[in-house]
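Working notes, beginning with the structure itself.
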Amino acid sequence: MKNKTPLNLQQLREYGKELEQQNAFKVSQNALWKNNLYQVCQDYTIAKKFNTEFSNDIKVSSSKITSQQSSGRCWIFATLNMIRDKFITHYNLENFEFSQAYLHFWDKFEKANVFLNQMIELKNTSISDWKLFLLLNTPMQEGGFFDWSKNLIKKYGLMPKTEMEDSFSSSNTLGVNKLIGIKLKQALVEFKNTEDELKLNEIKEKYLFAIYQILLTCYGYFPKRFDVCLKSKKNKTIRFENITPLEFLEKTNFFIDNYLTMVHTPYRKIKPFQRYELEYTSAIYEDGNLIVNTVDKTVFKLLAIAMILMKKSAWFACDVDHFYSAKKGLWAKDLYNFKDFFDLDFSQSIADHIEYCHTSSNHAMLLQGLNYDATKWEEIKTEFFKTHQEFNVEALLALIALFPVDKWKVENSWGEKSGNNGIFIIDHKWFEDYVYEVIINKKTILRFLKEMPILTKEEYAKFEVEKDTDKASIFFDLIFKKLFDSQPIKLEMTQPFNQFYQKGGKDGKDN
């Protein structure tokens with residue numbers, strides 16, 4: 001091709017001389033010579049704008065920040081932290097923590113079983129096949145999704161952390177992942193060299209037992225039954241004796257089946273209000289692949305706002321690799337000024353970022369609050385009701401899209417030394433570009449649509465429905481009927497959205 005040429009070193013030398021004549025370049029070079037790039041490029045006028053006060057703060061003040069340490073268990077921590085909010089409130093406790101290691105143990109064993117079943121299915125596939133290559137590249141995936149934790153909890157239950165604490169390997173998972181990965185790849189070699197169908201199952205069982213031994217050795221044993229003794233803030237004793245993990249789950253008063261995954265992505269090939277099945281995303285064999293529910297930007301914002309205003313913490317997933325400061329405990333769109341230093345801007349669309357592998361859903365946390373300008377909201381509503389004639393569900397969504405939330409309170413699982421004692425802030429502009437998934441409770445959303453706390457009774461009454469009908473249920477059906485009526489579209493694992501969605505498992509960071 002005509003445009004393929006070697007580097008022109010002479011031209012580069014001339015360009016270097018030009019740069020040396022520029023004072024701005026010299027200042028930048030000196031500043032970055034022995035200083036952290038992110039700290040030098042940080043725009044402190046932006047960082048100072050974000051304080052730790054929120055108009056709506058639902059964090060259980062006594063619950064301690066958890067730490068996933070050097071592991072990709074954020075999705076498990078976020079789920080268990082959401083459950084413990086309900087548990088602590090229900091029993092009026094000072095603090096509590098569920099065993100993350102217990103769920104992670106079964107997650108690894110279930111994933112090993114899924115992988116071995118996949119390798120049996122693909123044993124006659126060429127080793128150069130792209131799908132097989134991707135599966136072999138990460139035989140023991142560390143990251144995960146809310147639905148994976150949900151299915152694990154429904155199958156295996158829960159236990160207090162006191163019954164199965166973190167071991168070194170559960171907190172630092174690189175080593176155990178490598179060992180299990182080696183075993184799983186060894187199994188594929190044996191599968192490929194075996195024609196006897198009955199022998200395949202024997203090989204699979206042999207490797208499952210070997211992996212079970214690795215997990216027991218690295219994570220330790222856990223009890224089949226245990227006693228729980230809790231003390232409430234009023235010094236009341238609560239006892240559960242000789243119970244199983246599934247029986248303990250019932251005591252949490254947390255109904256996990258009521259929770260649904262909602263996804264918003266600007267990726268052009270993914271339509272809103274459509275369900276998608278993601279190929280090779282099973283983590284428990286009998287549960288099958290993940291099914292994700294997509295919504296548009298406005299409904300996604302409504303769902304997140306509704307969960308917080310109805311005092312429900314919400315699991316969410318995002319890409320934490322952009323515009324982030326651990327010391328400030330902040331994700332903000334304009335936090336870094338790369339334009340002046342490197343002539344680098346980020347005006348490219350997020351849809352392009354997804355398609356060209358620049359962004360991915362890679363970390364899960366909990367939404368625990370939001371901040372909005374009440375005065376500005378009153379002004380917005382006044383103008384809205386002046387200029388609108390029809391008040392249907394579309395008008396309601398248009399109004400909610402204007403709700404002036406400017407930041408979100410986030411509970412992370414990177415320990416108390418990160419952020420603001422473990423709490424982080426997300427700028428809403430950042431939220432719009434890099435938050436892709438939120439977990440909702442259907443009953444909570446219905447209650448929000450019934451009470452509509454961001455409007456007065458008189459304002460909400462303008463949004464009419466037929467007499468003697470349930471406005472909340474009608475609005476819910478109008479918003480979600482197309483989604484829930486849709487048949488899942490299957491996406492192959494090589495599709496950009498599938499790859500974008502399957503990234504995950506971030507431990508603490510130090511920018």
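Identifiers in this document derive from the order of the structure tokens: chains are assigned A, B, ..., residues are numbered from 1 separately in each chain, and ligands are numbered from 1 in order of occurrence.
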- prompt: Could you pull out the strand (DSSP E) residues of range 388-485 of chain A from DSSP and send them as an MDAnalysis selection string?
  reply: chainID A and resid 405:411 423:427 435:441
message: Residues near Thr244 in chain A, anyone? I mean within 12 Å using only C-alpha atoms, not counting same-chain ones fewer than 2 positions away, as a PyMOL selection string.
response: chain A and resi 155-160+163+222-228+240-242+246-251
- request: Would you please work out which residue, of A:Ala306, A:Cys229, A:Ile182, A:Val410, is nearest to Ala210 in chain A when using only C-alpha atoms?
  value: A:Ile182
field: Residue list (alpha helix (DSSP H), DSSP) for range 131-275 of chain A, as a VMD selection string
entry: chain A and resid 131 to 137 146 to 156 168 to 171 174 to 192 197 to 219 245 to 251
query: A:Lys386, A:Lys328, A:Lys442, A:Lys471: which is nearest Gln39 in chain A, counting only C-alpha atoms?
result: A:Lys328
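The nearest approach to Ala112 in chain A among the residues A:Lys482, A:Lys185, A:Lys131, A:Lys161, with only C-alpha atoms taken into account, belongs to A:Lys185.
Distances here use only C-alpha atoms; by that measure, the residue among A:Thr237, A:Ser149, A:Gln11, A:Ser126 closest to Thr261 in chain A is A:Ser149.
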- prompt: Suppose you want the space between CA of Ala24 in chain A and CA of Asp340 in chain A; what is it in Å?
  reply: 8.8 Å
Give me, as a CSV table (one decimal) with N, CA and C atoms, in the first residue's frame, all polymer residues having an atom no more than 9 Å from Leu215 in chain A, counting only C-alpha atoms and skipping those fewer than 4 positions away in the same chain.
chain,number,residue,atom,x,y,z
A,105,PHE,N,-15.6,-19.5,46.5
A,105,PHE,CA,-15.2,-20.9,46.4
A,105,PHE,C,-16.1,-21.6,45.4
A,108,LYS,N,-15.8,-20.5,41.7
A,108,LYS,CA,-14.7,-21.1,41.0
A,108,LYS,C,-15.0,-22.5,40.6
A,109,PHE,N,-15.6,-23.2,41.5
A,109,PHE,CA,-15.9,-24.7,41.2
A,109,PHE,C,-16.9,-24.8,40.1
A,176,VAL,N,-4.1,-19.0,42.6
A,176,VAL,CA,-5.1,-20.1,42.5
A,176,VAL,C,-5.7,-20.1,41.1
A,180,ILE,N,-5.7,-23.5,38.6
A,180,ILE,CA,-6.9,-24.1,38.1
A,180,ILE,C,-6.9,-24.0,36.6
A,210,ALA,N,-9.7,-32.8,41.2
A,210,ALA,CA,-8.4,-32.1,41.4
A,210,ALA,C,-8.6,-30.7,41.7
A,211,ILE,N,-9.5,-30.0,41.1
A,211,ILE,CA,-9.8,-28.6,41.3
A,211,ILE,C,-10.5,-28.4,42.6
A,219,TYR,N,-8.6,-22.3,50.1
A,219,TYR,CA,-9.6,-21.5,50.7
A,219,TYR,C,-10.0,-22.0,52.1
A,220,GLY,N,-9.8,-23.3,52.3
A,220,GLY,CA,-10.1,-23.9,53.6
A,220,GLY,C,-11.5,-24.5,53.6
- request: Would you kindly return, as a list in words, each protein, DNA or RNA residue with an atom no farther than 10 Å from any atom of Gln42 in chain A, considering only C-alpha atoms and excluding same-chain residues fewer than 4 positions away?
  value: Leu37, Tyr38, Ile46, Ala47, Phe323, Tyr324, Ser325, Asp334, Leu335, Tyr336, Asn337 and Phe338 of chain A
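Of the listed residues A:Ile284, A:Ile203, A:Cys74, A:Met307, the one whose atoms come nearest to Ile153 in chain A is A:Ile284, with distances taken using only C-alpha atoms.
Taking only C-alpha atoms into account, Arg275 in chain A lies nearest to A:Ser486 out of the set A:Ser486, A:Ser349, A:Asn421, A:Asn124.
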task: Considering only C-alpha atoms, return as a VMD selection string whatever protein or nucleic-acid residues lie within 9 Å of range 288-301 of chain A, sequence-local ones (same chain, fewer than 4 positions apart) excluded.
output: chain A and resid 145 147 to 148 260 to 266 270 to 284 305 to 306 397 to 398 400 to 401 432 436 to 438 479 to 480 483 to 484 488 490
